[in-house]
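Read the structure below first, then the notes.
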Amino acid sequence: MKRFGLLFRIIIAIALGIIVGIIANDWFIRLFATFNDIFGGFLSFIIPLIILGFIAPGIGYMGKGAGKLLSITALIAYVSTICAGIVAFIAASNLYPTILSGQSLTMFDDPSGALLEGFLDFELHPPFEVITALILAFVLGIGMAALKSDALLNIFHDFRSIVELVINKMIIPLLPFHIFGIFANMTHAGQVASILKVFAVVFVMIILLHILYLIVQYTIAGTLSKQNPFRMLKTMLPAYFTALGTQSSAATIPVTLDHTKKIKVKGNVADFTIPLLANVHLSGSTITLLSCATAVLFLQGEPIAFGDIFPFLLVLGVTMIAAPGVPGGAVMASIGLLESMLGFGPTMVSLMIALYLAQDSLGTACNVTGDGAISSITNSINNRWGITK
């Protein structure tokens, strides 16, 4: 199996997961749900270490100018997220009167509630939260760059090597099995498929917006780096399909990082931008959230004005950074804003969660694939302006 590329293995895992989810009994699905609980727990444990292990030495090796490049990357990511939301609102406000004509608000259960649980109640808590890991990595990385001391930098170099070993020898080989289990459970549950069927036309619009936005991102990145944008996108496909299966930007970091370097992004730039972008660049999730929220408002008969949506979008771009790198994290982090800024009631929130979780993986896949473009743009700016060595 190792002789086949990761992309091929992930596609096979998704296809087999759907087939097995249709024909398998509860016991078999629960067996893989148990594996997913254990592997998912380990992923949650290792993600803060990946962030710390890559971002801190990545910034440290850059030396002078690392803090400036960090700010530029974060700013580009935020602007990209906001622009994605604006594009989604424009498309939704113009298309929904036609494609959702005759539909009304219907109560759906949370589709995640229909998923089967594993045989073990397994919990593995991470050593610290993702946000803590990010801030610690920034402080240590910028500090090492400012001090110009190799002592701590060498320790982090060895730490990164250990993390890379775990990624290459454990996480990457087991990812297809994890993805297989997720898709088998989702298919076996059935509720996700029913929601997708009812709102298929909305999801088709969201997918098309994701594709369009990725093309725009890679056209900009390809223009700056003098590469073929479609070839760059093709190179990033393994990250897309990995995120499609894991539904987690953070869990996809190892694959995104590997393939970002293949689109000619310097290793030290990719090492700190990709773990950072996995938490701050959420263009795909924003397209999904805005499209779903606007659909719920439309089905409720509520007026949809850009003046109401734009402030919500500006705050959402910051709030989702605190979302855990797990399936559904973005929508869970946005519930308070949906209620306070857009007036969502309990029924509307339930429908929103159902709509979002039914195709959360598509937004996540767009996020991580776009991370490669943002990293490439940052790399081009760094090369042109000579911000870091």
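Starting from 1 in every chain, residues are counted up; chains themselves are A, B, ... following the order of the structure tokens, and ligands are numbered from 1 as listed.
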Quiz item: Near Val20 in chain A, within 10 Å and counting only C-alpha atoms, which residues show up once chain neighbours fewer than 2 positions away are dropped, as a PyMOL selection string?
Solution: chain A and resi 14-18+22-25+28-29+180-181+183-185+187-188
Export N, CA, C and O atoms of the chosen residues as a PDB file, in the first residue's frame?
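As written to disk, out32.pdb reads:
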```pdb
ATOM      1  N   ILE A  14     -11.938   6.794   1.212  1.00  0.00           N
ATOM      2  CA  ILE A  14     -13.248   7.442   1.169  1.00  0.00           C
ATOM      3  C   ILE A  14     -14.268   6.547   0.476  1.00  0.00           C
ATOM      4  O   ILE A  14     -15.383   6.338   0.974  1.00  0.00           O
ATOM      5  N   ALA A  15     -13.878   5.989  -0.694  1.00  0.00           N
ATOM      6  CA  ALA A  15     -14.786   5.129  -1.456  1.00  0.00           C
ATOM      7  C   ALA A  15     -15.168   3.881  -0.663  1.00  0.00           C
ATOM      8  O   ALA A  15     -16.352   3.512  -0.580  1.00  0.00           O
ATOM      9  N   LEU A  16     -14.169   3.225  -0.053  1.00  0.00           N
ATOM     10  CA  LEU A  16     -14.445   2.028   0.747  1.00  0.00           C
ATOM     11  C   LEU A  16     -15.289   2.364   1.975  1.00  0.00           C
ATOM     12  O   LEU A  16     -16.159   1.584   2.377  1.00  0.00           O
ATOM     13  N   GLY A  17     -15.030   3.529   2.575  1.00  0.00           N
ATOM     14  CA  GLY A  17     -15.803   3.939   3.747  1.00  0.00           C
ATOM     15  C   GLY A  17     -17.279   4.089   3.421  1.00  0.00           C
ATOM     16  O   GLY A  17     -18.150   3.648   4.191  1.00  0.00           O
ATOM     17  N   ILE A  18     -17.581   4.680   2.261  1.00  0.00           N
ATOM     18  CA  ILE A  18     -18.979   4.846   1.846  1.00  0.00           C
ATOM     19  C   ILE A  18     -19.628   3.491   1.586  1.00  0.00           C
ATOM     20  O   ILE A  18     -20.755   3.230   2.020  1.00  0.00           O
ATOM     21  N   ILE A  22     -22.618   1.479   4.035  1.00  0.00           N
ATOM     22  CA  ILE A  22     -23.931   1.049   3.547  1.00  0.00           C
ATOM     23  C   ILE A  22     -24.241  -0.385   3.951  1.00  0.00           C
ATOM     24  O   ILE A  22     -25.367  -0.722   4.337  1.00  0.00           O
ATOM     25  N   ILE A  23     -23.224  -1.272   3.901  1.00  0.00           N
ATOM     26  CA  ILE A  23     -23.478  -2.714   4.066  1.00  0.00           C
ATOM     27  C   ILE A  23     -23.096  -3.272   5.438  1.00  0.00           C
ATOM     28  O   ILE A  23     -23.581  -4.342   5.827  1.00  0.00           O
ATOM     29  N   ALA A  24     -22.240  -2.588   6.187  1.00  0.00           N
ATOM     30  CA  ALA A  24     -21.715  -3.155   7.436  1.00  0.00           C
ATOM     31  C   ALA A  24     -22.725  -3.051   8.573  1.00  0.00           C
ATOM     32  O   ALA A  24     -23.620  -2.201   8.564  1.00  0.00           O
ATOM     33  N   ASN A  25     -22.562  -3.937   9.575  1.00  0.00           N
ATOM     34  CA  ASN A  25     -23.423  -3.879  10.755  1.00  0.00           C
ATOM     35  C   ASN A  25     -22.846  -2.910  11.788  1.00  0.00           C
ATOM     36  O   ASN A  25     -21.732  -2.396  11.639  1.00  0.00           O
ATOM     37  N   PHE A  28     -19.240  -3.679  13.389  1.00  0.00           N
ATOM     38  CA  PHE A  28     -18.061  -3.366  12.575  1.00  0.00           C
ATOM     39  C   PHE A  28     -17.800  -1.859  12.561  1.00  0.00           C
ATOM     40  O   PHE A  28     -16.648  -1.422  12.656  1.00  0.00           O
ATOM     41  N   ILE A  29     -18.865  -1.072  12.438  1.00  0.00           N
ATOM     42  CA  ILE A  29     -18.710   0.389  12.429  1.00  0.00           C
ATOM     43  C   ILE A  29     -18.164   0.873  13.765  1.00  0.00           C
ATOM     44  O   ILE A  29     -17.288   1.747  13.830  1.00  0.00           O
ATOM     45  N   PHE A 180     -11.215   6.334   6.448  1.00  0.00           N
ATOM     46  CA  PHE A 180     -12.147   5.236   6.154  1.00  0.00           C
ATOM     47  C   PHE A 180     -13.197   5.117   7.256  1.00  0.00           C
ATOM     48  O   PHE A 180     -14.403   5.022   6.988  1.00  0.00           O
ATOM     49  N   GLY A 181     -12.761   5.128   8.505  1.00  0.00           N
ATOM     50  CA  GLY A 181     -13.674   4.987   9.639  1.00  0.00           C
ATOM     51  C   GLY A 181     -14.667   6.128   9.730  1.00  0.00           C
ATOM     52  O   GLY A 181     -15.850   5.913  10.022  1.00  0.00           O
ATOM     53  N   PHE A 183     -15.820   8.099   7.228  1.00  0.00           N
ATOM     54  CA  PHE A 183     -16.806   8.030   6.154  1.00  0.00           C
ATOM     55  C   PHE A 183     -17.751   6.840   6.320  1.00  0.00           C
ATOM     56  O   PHE A 183     -18.939   6.934   5.984  1.00  0.00           O
ATOM     57  N   ALA A 184     -17.238   5.725   6.848  1.00  0.00           N
ATOM     58  CA  ALA A 184     -18.107   4.573   7.091  1.00  0.00           C
ATOM     59  C   ALA A 184     -19.172   4.918   8.132  1.00  0.00           C
ATOM     60  O   ALA A 184     -20.353   4.590   7.964  1.00  0.00           O
ATOM     61  N   ASN A 185     -18.766   5.605   9.197  1.00  0.00           N
ATOM     62  CA  ASN A 185     -19.695   5.988  10.262  1.00  0.00           C
ATOM     63  C   ASN A 185     -20.718   7.010   9.765  1.00  0.00           C
ATOM     64  O   ASN A 185     -21.918   6.909  10.044  1.00  0.00           O
ATOM     65  N   THR A 187     -21.730   7.516   6.675  1.00  0.00           N
ATOM     66  CA  THR A 187     -22.650   6.874   5.720  1.00  0.00           C
ATOM     67  C   THR A 187     -23.640   5.985   6.448  1.00  0.00           C
ATOM     68  O   THR A 187     -24.836   5.965   6.132  1.00  0.00           O
ATOM     69  N   HIS A 188     -23.158   5.238   7.434  1.00  0.00           N
ATOM     70  CA  HIS A 188     -24.014   4.320   8.197  1.00  0.00           C
ATOM     71  C   HIS A 188     -25.088   5.099   8.963  1.00  0.00           C
ATOM     72  O   HIS A 188     -26.221   4.635   9.115  1.00  0.00           O
TER      73      HIS A 188
END
```
Exercise. List every residue of range 107-246 of chain A that DSSP, applied to the backbone of this structure, places in alpha helix (DSSP H), and write the result as a ChimeraX atom specification.
Key: /A:130-147,150-166,172-189,191-198,200-225,229-235,237-246
Sorted by chain and rising residue number, which residues of range 28-140 of chain A lie within 10 Å of range 307-313 of chain A, and what are their closest atom pairs and distances in Å to one decimal, counting only C-alpha atoms, as JSON lines?
```
{"residue": "A:Thr81", "atom": "CA", "partner": "A:Leu313", "partner_atom": "CA", "distance": 8.9}
{"residue": "A:Ile82", "atom": "CA", "partner": "A:Leu313", "partner_atom": "CA", "distance": 6.6}
{"residue": "A:Cys83", "atom": "CA", "partner": "A:Leu313", "partner_atom": "CA", "distance": 9.5}
{"residue": "A:Ala84", "atom": "CA", "partner": "A:Leu313", "partner_atom": "CA", "distance": 9.8}
{"residue": "A:Gly85", "atom": "CA", "partner": "A:Leu313", "partner_atom": "CA", "distance": 6.7}
{"residue": "A:Ile86", "atom": "CA", "partner": "A:Phe310", "partner_atom": "CA", "distance": 7.7}
{"residue": "A:Phe89", "atom": "CA", "partner": "A:Ile309", "partner_atom": "CA", "distance": 8.0}
```
Output of the above residues as a PDB file, in the first residue's frame, restricted to N, CA, C and O atoms:
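Listed below is the output, result-v9.pdb:
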```pdb
ATOM      1  N   THR A  81      -9.958  35.644   4.436  1.00  0.00           N
ATOM      2  CA  THR A  81     -11.152  35.121   5.107  1.00  0.00           C
ATOM      3  C   THR A  81     -12.341  36.068   4.942  1.00  0.00           C
ATOM      4  O   THR A  81     -13.456  35.634   4.639  1.00  0.00           O
ATOM      5  N   ILE A  82     -12.101  37.370   5.126  1.00  0.00           N
ATOM      6  CA  ILE A  82     -13.179  38.367   5.001  1.00  0.00           C
ATOM      7  C   ILE A  82     -13.679  38.429   3.560  1.00  0.00           C
ATOM      8  O   ILE A  82     -14.895  38.468   3.308  1.00  0.00           O
ATOM      9  N   CYS A  83     -12.759  38.449   2.605  1.00  0.00           N
ATOM     10  CA  CYS A  83     -13.148  38.500   1.185  1.00  0.00           C
ATOM     11  C   CYS A  83     -13.980  37.275   0.804  1.00  0.00           C
ATOM     12  O   CYS A  83     -14.937  37.376   0.028  1.00  0.00           O
ATOM     13  N   ALA A  84     -13.616  36.116   1.359  1.00  0.00           N
ATOM     14  CA  ALA A  84     -14.373  34.882   1.085  1.00  0.00           C
ATOM     15  C   ALA A  84     -15.812  35.024   1.559  1.00  0.00           C
ATOM     16  O   ALA A  84     -16.752  34.612   0.877  1.00  0.00           O
ATOM     17  N   GLY A  85     -15.990  35.624   2.741  1.00  0.00           N
ATOM     18  CA  GLY A  85     -17.331  35.836   3.275  1.00  0.00           C
ATOM     19  C   GLY A  85     -18.151  36.793   2.428  1.00  0.00           C
ATOM     20  O   GLY A  85     -19.355  36.580   2.209  1.00  0.00           O
ATOM     21  N   ILE A  86     -17.511  37.845   1.927  1.00  0.00           N
ATOM     22  CA  ILE A  86     -18.210  38.818   1.075  1.00  0.00           C
ATOM     23  C   ILE A  86     -18.663  38.156  -0.224  1.00  0.00           C
ATOM     24  O   ILE A  86     -19.795  38.357  -0.687  1.00  0.00           O
ATOM     25  N   PHE A  89     -21.677  35.994   0.490  1.00  0.00           N
ATOM     26  CA  PHE A  89     -22.906  36.766   0.698  1.00  0.00           C
ATOM     27  C   PHE A  89     -23.469  37.271  -0.628  1.00  0.00           C
ATOM     28  O   PHE A  89     -24.683  37.217  -0.865  1.00  0.00           O
TER      29      PHE A  89
END
```
Quiz item: Separation of CA of Leu209 in chain A and CA of Leu277 in chain A, in Å?
Solution: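 So the answer is 20.1 Å.
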Quiz prompt | Shortest interatomic distance to Thr364 in chain A - which of A:Ala13, A:Leu174, A:Ala243, A:Ala146, counting only C-alpha atoms | solution =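 Of A:Ala13, A:Leu174, A:Ala243, A:Ala146, the one nearest Thr364 in chain A, counting only C-alpha atoms, is A:Ala243.
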Quiz item: Leu276 in chain A: which residues within 8 Å, counting only C-alpha atoms, same-chain residues fewer than 6 positions away excluded, as a list in words?
Solution: Ile51, Ile55 and Leu134 of chain A
Could you save those same residues with N, CA, C and O atoms as a PDB file, in the first residue's frame?
```pdb
ATOM      1  N   ILE A  51       2.483  22.349  16.168  1.00  0.00           N
ATOM      2  CA  ILE A  51       2.493  23.807  16.048  1.00  0.00           C
ATOM      3  C   ILE A  51       3.739  24.397  16.700  1.00  0.00           C
ATOM      4  O   ILE A  51       4.452  25.212  16.108  1.00  0.00           O
ATOM      5  N   ILE A  55       6.517  26.033  14.207  1.00  0.00           N
ATOM      6  CA  ILE A  55       6.475  27.497  14.166  1.00  0.00           C
ATOM      7  C   ILE A  55       7.658  28.122  14.896  1.00  0.00           C
ATOM      8  O   ILE A  55       8.317  29.026  14.366  1.00  0.00           O
ATOM      9  N   LEU A 134       0.195  28.299  19.928  1.00  0.00           N
ATOM     10  CA  LEU A 134       0.502  29.354  18.957  1.00  0.00           C
ATOM     11  C   LEU A 134       1.242  30.516  19.617  1.00  0.00           C
ATOM     12  O   LEU A 134       2.293  30.958  19.131  1.00  0.00           O
TER      13      LEU A 134
END
```
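Proximity of A:Leu244, A:Ala56, A:Leu337, A:Ala74 to Thr378 in chain A, computed with only C-alpha atoms, is greatest for A:Ala74.
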Quiz item: What is the CA of Phe156 in chain A-CA of Ile374 in chain A distance in Å, reported with one decimal?
Solution: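 Spanning CA of Phe156 in chain A to CA of Ile374 in chain A is a straight-line distance of 25.1 Å.
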Quiz item: So which residues touch Ser248 in chain A within 12 Å, counting only C-alpha atoms, skipping near sequence neighbours fewer than 2 positions away, as a VMD selection string?
Solution: chain A and resid 40 43 to 44 47 175 179 182 239 to 246 250 to 256 278 to 279 282 285 323 to 330 360 to 368
Take the residues from that selection and put them in a file with C-alpha atoms, as a compact mmCIF listing (two decimals), in the first residue's frame.
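Result file follows (selection-v9.txt):
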```txt
# COMPACT_ATOMS: atom_id res chain seq x y z
CA GLY A 40 -8.29 11.16 16.99
CA LEU A 43 -4.03 13.71 16.90
CA SER A 44 -5.50 16.14 19.44
CA ILE A 47 -1.34 18.97 17.21
CA LEU A 175 -4.54 8.61 8.12
CA ILE A 179 -10.62 8.61 7.03
CA ILE A 182 -15.09 8.52 9.52
CA ALA A 239 -3.98 18.06 1.36
CA TYR A 240 -7.50 18.72 0.02
CA PHE A 241 -8.54 15.07 0.17
CA THR A 242 -6.89 14.52 3.56
CA ALA A 243 -8.90 17.42 5.00
CA LEU A 244 -12.01 16.04 3.30
CA GLY A 245 -11.57 12.90 5.38
CA THR A 246 -10.29 14.26 8.69
CA ALA A 250 -4.91 20.99 12.26
CA ALA A 251 -4.91 17.23 11.64
CA THR A 252 -4.00 17.89 8.00
CA ILE A 253 -0.95 20.04 8.84
CA PRO A 254 1.63 17.31 8.05
CA VAL A 255 0.25 16.75 4.54
CA THR A 256 -0.30 20.47 3.85
CA ALA A 278 -4.24 26.12 9.83
CA ASN A 279 -5.60 28.20 12.71
CA LEU A 282 -10.55 30.02 7.31
CA SER A 285 -15.25 27.65 6.45
CA ALA A 323 -12.23 27.37 17.22
CA PRO A 324 -10.74 23.99 18.05
CA GLY A 325 -9.13 22.17 15.12
CA VAL A 326 -11.82 19.50 15.18
CA PRO A 327 -14.87 18.74 13.01
CA GLY A 328 -17.55 21.40 13.50
CA GLY A 329 -15.29 23.68 15.53
CA ALA A 330 -15.99 26.74 13.38
CA ASP A 360 -17.96 20.64 7.12
CA SER A 361 -15.23 18.66 5.38
CA LEU A 362 -15.61 20.69 2.16
CA GLY A 363 -14.97 23.99 3.94
CA THR A 364 -11.99 22.51 5.78
CA ALA A 365 -10.57 21.14 2.52
CA CYS A 366 -10.83 24.61 0.97
CA ASN A 367 -9.12 26.12 4.04
CA VAL A 368 -6.05 23.89 3.94
```
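Note that the spacing between CA of Thr260 in chain A and CA of Gly222 in chain A amounts to 12.8 Å.
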Quiz item: Closest to Asn168 in chain A among A:Leu31, A:Ile19, A:Leu257, A:Ala295, using only C-alpha atoms?
Solution: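 Closest candidate: A:Leu257.
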For Tyr213 in chain A, please output as a PDB file with all heavy atoms, in the first residue's frame all residues within 10 Å (counting only C-alpha atoms; exclusion window: fewer than 6 positions along the same chain).
```
ATOM      1  N   SER A  80      -8.105  37.469   3.376  1.00  0.00           N
ATOM      2  CA  SER A  80      -8.622  36.375   2.539  1.00  0.00           C
ATOM      3  C   SER A  80      -9.917  35.817   3.121  1.00  0.00           C
ATOM      4  O   SER A  80     -10.878  35.548   2.383  1.00  0.00           O
ATOM      5  CB  SER A  80      -7.568  35.267   2.427  1.00  0.00           C
ATOM      6  OG  SER A  80      -8.085  34.146   1.740  1.00  0.00           O
ATOM      7  N   CYS A  83     -12.759  38.449   2.605  1.00  0.00           N
ATOM      8  CA  CYS A  83     -13.148  38.500   1.185  1.00  0.00           C
ATOM      9  C   CYS A  83     -13.980  37.275   0.804  1.00  0.00           C
ATOM     10  O   CYS A  83     -14.937  37.376   0.028  1.00  0.00           O
ATOM     11  CB  CYS A  83     -11.915  38.596   0.296  1.00  0.00           C
ATOM     12  SG  CYS A  83     -11.076  40.196   0.364  1.00  0.00           S
ATOM     13  N   ALA A  84     -13.616  36.116   1.359  1.00  0.00           N
ATOM     14  CA  ALA A  84     -14.373  34.882   1.085  1.00  0.00           C
ATOM     15  C   ALA A  84     -15.812  35.024   1.559  1.00  0.00           C
ATOM     16  O   ALA A  84     -16.752  34.612   0.877  1.00  0.00           O
ATOM     17  CB  ALA A  84     -13.696  33.698   1.771  1.00  0.00           C
ATOM     18  N   VAL A  87     -17.782  37.356  -0.822  1.00  0.00           N
ATOM     19  CA  VAL A  87     -18.121  36.626  -2.056  1.00  0.00           C
ATOM     20  C   VAL A  87     -19.319  35.708  -1.810  1.00  0.00           C
ATOM     21  O   VAL A  87     -20.252  35.635  -2.629  1.00  0.00           O
ATOM     22  CB  VAL A  87     -16.906  35.810  -2.558  1.00  0.00           C
ATOM     23  CG1 VAL A  87     -17.325  34.827  -3.654  1.00  0.00           C
ATOM     24  CG2 VAL A  87     -15.817  36.736  -3.073  1.00  0.00           C
ATOM     25  N   ALA A  88     -19.304  35.004  -0.671  1.00  0.00           N
ATOM     26  CA  ALA A  88     -20.402  34.086  -0.338  1.00  0.00           C
ATOM     27  C   ALA A  88     -21.719  34.834  -0.178  1.00  0.00           C
ATOM     28  O   ALA A  88     -22.770  34.376  -0.649  1.00  0.00           O
ATOM     29  CB  ALA A  88     -20.075  33.316   0.941  1.00  0.00           C
ATOM     30  N   ILE A 207     -19.747  24.532  -3.063  1.00  0.00           N
ATOM     31  CA  ILE A 207     -18.604  23.859  -3.692  1.00  0.00           C
ATOM     32  C   ILE A 207     -18.051  24.696  -4.835  1.00  0.00           C
ATOM     33  O   ILE A 207     -16.830  24.853  -4.978  1.00  0.00           O
ATOM     34  CB  ILE A 207     -19.010  22.454  -4.191  1.00  0.00           C
ATOM     35  CG1 ILE A 207     -19.321  21.539  -3.009  1.00  0.00           C
ATOM     36  CG2 ILE A 207     -17.899  21.837  -5.040  1.00  0.00           C
ATOM     37  CD1 ILE A 207     -19.979  20.230  -3.399  1.00  0.00           C
ATOM     38  N   THR A 219      -4.181  31.840  -8.535  1.00  0.00           N
ATOM     39  CA  THR A 219      -3.809  32.727  -9.641  1.00  0.00           C
ATOM     40  C   THR A 219      -2.916  33.847  -9.111  1.00  0.00           C
ATOM     41  O   THR A 219      -1.900  34.188  -9.732  1.00  0.00           O
ATOM     42  CB  THR A 219      -5.065  33.320 -10.308  1.00  0.00           C
ATOM     43  OG1 THR A 219      -5.850  32.250 -10.863  1.00  0.00           O
ATOM     44  CG2 THR A 219      -4.675  34.285 -11.422  1.00  0.00           C
ATOM     45  N   SER A 283     -10.949  30.665   5.000  1.00  0.00           N
ATOM     46  CA  SER A 283     -11.766  31.145   3.881  1.00  0.00           C
ATOM     47  C   SER A 283     -12.855  30.156   3.500  1.00  0.00           C
ATOM     48  O   SER A 283     -14.009  30.535   3.264  1.00  0.00           O
ATOM     49  CB  SER A 283     -10.882  31.453   2.667  1.00  0.00           C
ATOM     50  OG  SER A 283     -10.123  30.318   2.286  1.00  0.00           O
ATOM     51  N   GLY A 284     -12.516  28.872   3.434  1.00  0.00           N
ATOM     52  CA  GLY A 284     -13.509  27.858   3.068  1.00  0.00           C
ATOM     53  C   GLY A 284     -14.614  27.734   4.094  1.00  0.00           C
ATOM     54  O   GLY A 284     -15.802  27.672   3.747  1.00  0.00           O
ATOM     55  N   ILE A 287     -16.925  30.782   3.802  1.00  0.00           N
ATOM     56  CA  ILE A 287     -17.860  30.644   2.682  1.00  0.00           C
ATOM     57  C   ILE A 287     -19.020  29.736   3.083  1.00  0.00           C
ATOM     58  O   ILE A 287     -20.191  30.043   2.845  1.00  0.00           O
ATOM     59  CB  ILE A 287     -17.142  30.083   1.437  1.00  0.00           C
ATOM     60  CG1 ILE A 287     -16.227  31.143   0.824  1.00  0.00           C
ATOM     61  CG2 ILE A 287     -18.159  29.597   0.389  1.00  0.00           C
ATOM     62  CD1 ILE A 287     -15.351  30.649  -0.306  1.00  0.00           C
ATOM     63  N   CYS A 366     -11.123  23.324   1.623  1.00  0.00           N
ATOM     64  CA  CYS A 366     -10.833  24.608   0.966  1.00  0.00           C
ATOM     65  C   CYS A 366      -9.856  25.425   1.814  1.00  0.00           C
ATOM     66  O   CYS A 366      -8.933  26.054   1.278  1.00  0.00           O
ATOM     67  CB  CYS A 366     -12.133  25.371   0.738  1.00  0.00           C
ATOM     68  SG  CYS A 366     -11.931  26.963  -0.104  1.00  0.00           S
ATOM     69  N   GLY A 370      -6.137  26.371   0.441  1.00  0.00           N
ATOM     70  CA  GLY A 370      -5.827  27.796   0.349  1.00  0.00           C
ATOM     71  C   GLY A 370      -4.609  28.185   1.164  1.00  0.00           C
ATOM     72  O   GLY A 370      -3.916  29.156   0.832  1.00  0.00           O
TER      73      GLY A 370
END
```
